[in-house]
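K.L.:
Right, I'll just put the structure down here and ask away after.
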Amino acid sequence: MSKKTFLLRVARRLVFIGRKGLQRLYQTASNTEHRLSAMIEGRPVVAGDKRVMRARQFAEVYYAANPSVTPVMPALPRAGRRPAVVVLVPTLSDSSLFGGIATALVFGALLSQKTSRGLRIVQTVVNGKATRLQGLFDKYNISIDASAIEVLSVAERRHNYYGYLDLHPADQLVVSAWWDAALAAEFPLRRKFIYLVQDYEPIFYANGDARLLAEQSYQSANLSRSAIPS
């Protein structure tokens, strides 16, 4: 065996050991995050028993089948941030700025102007570049500078990679999709959220989780009012 081959094998072994160590560290961090989340949410997950692993496995299967309702964790707002109008939309990609998404954006912009609050837009399913926002507002004669809008995303979240959204207790949430309503229903805000209903969405699904979740989105105790835009 040549010296070069020996050194390459040593390097490969060290990389293997490092990868295994990182995997164990990742698993430990993931389990710890689940334990802390369970403590915050009042779920019966006890550190050191196998329920942590079962909870992780259930989350992996369930949210793989229903990715749009993967939880978004509320975080404290940055210091000095004032309450805002926060619009949850699936995406801001150019091909999606019509129908329910466009309606939610226009409504949110008008509400922002009327209440003298800032406007924040959160993408929950797919990251878009938001290149047509200004054109949308100009089309409806809304005098708002799209470059001043805070655009955020939690679309990258997974069962083991939580999405965090900083929220002010007095933020006003606006949604138009049932899965965004399901997310908004879990946020601990003083103001109940506004739900812009385009269609009775449960009829788009066969019997199953998606249909039941869509039906439940109309029954949240945190729902301020629902509106059906014409």
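Every chain in the structure tokens has a letter given in the order shown (A, B, ...), and although residue numbers restart at 1 in each chain, ligands are simply numbered from 1 in the order shown.
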A:Thr115: which residues within 12 Å, counting only C-alpha atoms, same-chain residues fewer than 5 positions away excluded, as a list of chain:residue names?
P.N.:
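My list of contacting residues is A:Pro83, A:Ala84, A:Val85, A:Gly108, A:Ala109, A:Leu110, A:Asp171, A:Gln172.
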K.L.:
Write down as a PyMOL selection string the residues belonging to stretch 83-204 of chain A that are assigned helix (DSSP H, G or I) by DSSP computed on the backbone.
P.N.:
chain A and resi 94-96+99-115+133-139+146-148+178-184+201-204
K.L.:
Write a file of the just-selected residues containing C-alpha atoms, as a short mmCIF file (atom, residue, chain, number, x, y, z; two decimals), in the first residue's frame.
P.N.:
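Contents of the output file out23.cif:
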```cif
data_model
loop_
_atom_site.label_atom_id
_atom_site.label_comp_id
_atom_site.auth_asym_id
_atom_site.auth_seq_id
_atom_site.Cartn_x
_atom_site.Cartn_y
_atom_site.Cartn_z
CA ASP A 94 -45.04 35.43 -10.17
CA SER A 95 -47.34 32.70 -11.49
CA SER A 96 -49.42 32.70 -8.28
CA GLY A 99 -57.24 34.69 -6.99
CA GLY A 100 -56.99 34.12 -3.26
CA ILE A 101 -53.36 35.17 -2.92
CA ALA A 102 -53.87 38.45 -4.80
CA THR A 103 -57.04 39.14 -2.79
CA ALA A 104 -55.23 38.59 0.52
CA LEU A 105 -52.36 40.85 -0.53
CA VAL A 106 -54.66 43.67 -1.67
CA PHE A 107 -56.79 43.36 1.47
CA GLY A 108 -53.72 43.31 3.69
CA ALA A 109 -52.26 46.39 1.99
CA LEU A 110 -55.51 48.33 2.37
CA LEU A 111 -55.85 47.26 6.02
CA SER A 112 -52.24 48.31 6.61
CA GLN A 113 -52.97 51.77 5.23
CA LYS A 114 -56.22 52.17 7.14
CA THR A 115 -54.70 51.17 10.48
CA LEU A 133 -45.84 42.96 -5.83
CA GLN A 134 -45.50 46.59 -6.87
CA GLY A 135 -47.35 45.94 -10.10
CA LEU A 136 -50.21 44.30 -8.18
CA PHE A 137 -50.60 47.27 -5.85
CA ASP A 138 -50.31 49.77 -8.71
CA LYS A 139 -53.04 47.91 -10.60
CA ALA A 146 -43.44 47.26 -2.17
CA SER A 147 -39.77 47.67 -1.29
CA ALA A 148 -40.79 48.80 2.22
CA TRP A 178 -57.15 26.75 4.89
CA TRP A 179 -53.65 25.53 5.81
CA ASP A 180 -52.59 29.07 6.67
CA ALA A 181 -55.74 29.40 8.79
CA ALA A 182 -54.67 26.21 10.59
CA LEU A 183 -51.29 27.79 11.34
CA ALA A 184 -52.79 31.12 12.44
CA GLU A 201 -62.19 24.14 0.27
CA PRO A 202 -63.09 20.77 1.87
CA ILE A 203 -64.98 19.83 -1.31
CA PHE A 204 -61.67 19.77 -3.19
#
```
K.L.:
Can you list, as a PyMOL selection string, every protein, DNA or RNA residue that comes within 7 Å of A:Lys129 when you count only C-alpha atoms, leaving out same-chain residues fewer than 2 positions away?
P.N.:
chain A and resi 92-93+127+131
K.L.:
Check stretch 58-230 of chain A with DSSP on the backbone and list each residue it calls strand (DSSP E or B), as a compact mmCIF listing (two decimals) with N, CA and C atoms, in the first residue's frame.
P.N.:
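Once written, states.txt looks like this:
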```txt
# COMPACT_ATOMS: atom_id res chain seq x y z
N VAL A 72 -45.56 26.16 12.71
CA VAL A 72 -44.70 27.34 12.73
C VAL A 72 -44.66 27.82 14.18
N MET A 73 -43.48 27.94 14.73
CA MET A 73 -43.33 28.30 16.12
C MET A 73 -43.27 29.82 16.29
N PRO A 74 -44.12 30.39 17.14
CA PRO A 74 -44.05 31.85 17.38
C PRO A 74 -42.81 32.21 18.17
N ALA A 75 -42.20 33.32 17.80
CA ALA A 75 -41.01 33.81 18.50
C ALA A 75 -41.26 35.25 18.93
N ALA A 84 -48.12 44.93 13.41
CA ALA A 84 -48.23 45.02 11.95
C ALA A 84 -49.40 44.20 11.46
N VAL A 85 -49.75 44.42 10.20
CA VAL A 85 -50.66 43.53 9.50
C VAL A 85 -49.80 42.44 8.88
N VAL A 86 -50.06 41.19 9.24
CA VAL A 86 -49.25 40.07 8.78
C VAL A 86 -50.12 39.19 7.88
N VAL A 87 -49.75 39.11 6.62
CA VAL A 87 -50.51 38.33 5.64
C VAL A 87 -49.77 37.01 5.38
N LEU A 88 -50.43 35.89 5.65
CA LEU A 88 -49.88 34.58 5.34
C LEU A 88 -50.37 34.15 3.96
N VAL A 89 -49.45 33.85 3.07
CA VAL A 89 -49.81 33.37 1.74
C VAL A 89 -48.96 32.15 1.41
N GLY A 118 -47.48 48.69 9.74
CA GLY A 118 -46.61 48.12 8.73
C GLY A 118 -47.22 46.87 8.13
N LEU A 119 -46.71 46.47 6.98
CA LEU A 119 -47.21 45.27 6.30
C LEU A 119 -46.09 44.24 6.23
N ARG A 120 -46.41 43.03 6.69
CA ARG A 120 -45.47 41.91 6.59
C ARG A 120 -46.15 40.80 5.81
N ILE A 121 -45.43 40.17 4.91
CA ILE A 121 -45.96 39.06 4.12
C ILE A 121 -45.10 37.84 4.38
N VAL A 122 -45.77 36.73 4.74
CA VAL A 122 -45.07 35.51 5.09
C VAL A 122 -45.45 34.41 4.11
N GLN A 123 -44.46 33.85 3.43
CA GLN A 123 -44.69 32.73 2.53
C GLN A 123 -44.61 31.43 3.32
N GLU A 150 -41.99 44.06 4.51
CA GLU A 150 -41.12 43.00 5.03
C GLU A 150 -41.63 41.65 4.54
N VAL A 151 -40.86 40.99 3.72
CA VAL A 151 -41.23 39.68 3.17
C VAL A 151 -40.43 38.61 3.89
N LEU A 152 -41.14 37.64 4.46
CA LEU A 152 -40.53 36.56 5.23
C LEU A 152 -40.94 35.21 4.64
N SER A 153 -40.32 34.17 5.11
CA SER A 153 -40.68 32.83 4.66
C SER A 153 -40.47 31.81 5.77
N ARG A 158 -39.54 21.78 8.18
CA ARG A 158 -39.81 20.35 8.06
C ARG A 158 -40.14 19.82 9.45
N TYR A 161 -37.10 20.43 11.38
CA TYR A 161 -36.49 21.75 11.19
C TYR A 161 -37.60 22.78 11.29
N GLY A 163 -39.96 26.00 11.68
CA GLY A 163 -39.99 27.37 11.18
C GLY A 163 -40.39 28.29 12.32
N TYR A 164 -39.69 29.38 12.49
CA TYR A 164 -39.97 30.33 13.56
C TYR A 164 -40.40 31.66 12.94
N LEU A 165 -41.46 32.25 13.49
CA LEU A 165 -41.96 33.52 13.00
C LEU A 165 -42.10 34.46 14.19
N ASP A 166 -41.38 35.59 14.15
CA ASP A 166 -41.50 36.54 15.25
C ASP A 166 -42.83 37.28 15.11
N GLN A 172 -52.06 41.80 13.51
CA GLN A 172 -53.32 41.38 12.90
C GLN A 172 -53.00 40.45 11.73
N LEU A 173 -53.37 39.18 11.88
CA LEU A 173 -53.10 38.20 10.83
C LEU A 173 -54.24 38.14 9.83
N VAL A 174 -53.86 37.93 8.57
CA VAL A 174 -54.82 37.76 7.48
C VAL A 174 -54.40 36.52 6.69
N VAL A 175 -55.35 35.63 6.42
CA VAL A 175 -55.06 34.41 5.66
C VAL A 175 -56.14 34.21 4.60
N PHE A 193 -57.56 36.24 14.04
CA PHE A 193 -57.17 36.43 12.65
C PHE A 193 -58.37 36.57 11.72
N ILE A 194 -58.13 37.17 10.56
CA ILE A 194 -59.16 37.36 9.53
C ILE A 194 -58.93 36.34 8.43
N TYR A 195 -59.99 35.66 8.05
CA TYR A 195 -59.93 34.54 7.09
C TYR A 195 -60.74 34.94 5.85
N LEU A 196 -60.06 35.13 4.73
CA LEU A 196 -60.72 35.44 3.46
C LEU A 196 -61.01 34.13 2.73
N LEU A 223 -60.54 32.64 15.34
CA LEU A 223 -60.99 33.26 14.10
C LEU A 223 -61.86 34.48 14.41
N SER A 224 -61.41 35.64 13.97
CA SER A 224 -62.17 36.88 14.21
C SER A 224 -63.39 36.93 13.33
N ARG A 225 -63.16 36.82 12.04
CA ARG A 225 -64.26 36.83 11.08
C ARG A 225 -63.76 36.24 9.79
N SER A 226 -64.69 35.66 9.03
CA SER A 226 -64.36 35.20 7.69
C SER A 226 -65.15 36.02 6.69
N ALA A 227 -64.54 36.26 5.56
CA ALA A 227 -65.18 37.06 4.52
C ALA A 227 -65.06 36.31 3.21
```
K.L.:
When distances are computed from only C-alpha atoms, which of A:His168, A:His159, A:Lys192, A:Arg211 shows the smallest separation from A:Arg78?
P.N.:
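Among A:His168, A:His159, A:Lys192, A:Arg211, it is A:His168 that comes nearest to A:Arg78.
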K.L.:
So which one's closest to A:Asn66, A:Leu7, A:Ser220, A:Asp199, A:Val125? Using only C-alpha atoms, please.
P.N.:
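When distances to A:Asn66 are compared using only C-alpha atoms, the smallest one comes from A:Val125.
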K.L.:
Ranking A:Ala130, A:Pro188, A:Ile40, A:Val69 by minimum distance to A:Ala214 and counting only C-alpha atoms, which one comes first?
P.N.:
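Nearest to A:Ala214: A:Val69.
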K.L.:
Applying 6 Å and only C-alpha atoms, which residues near A:Thr124 remain after dropping the ones on its own chain fewer than 3 positions away? List them as a ChimeraX atom specification.
P.N.:
/A:90,154-155
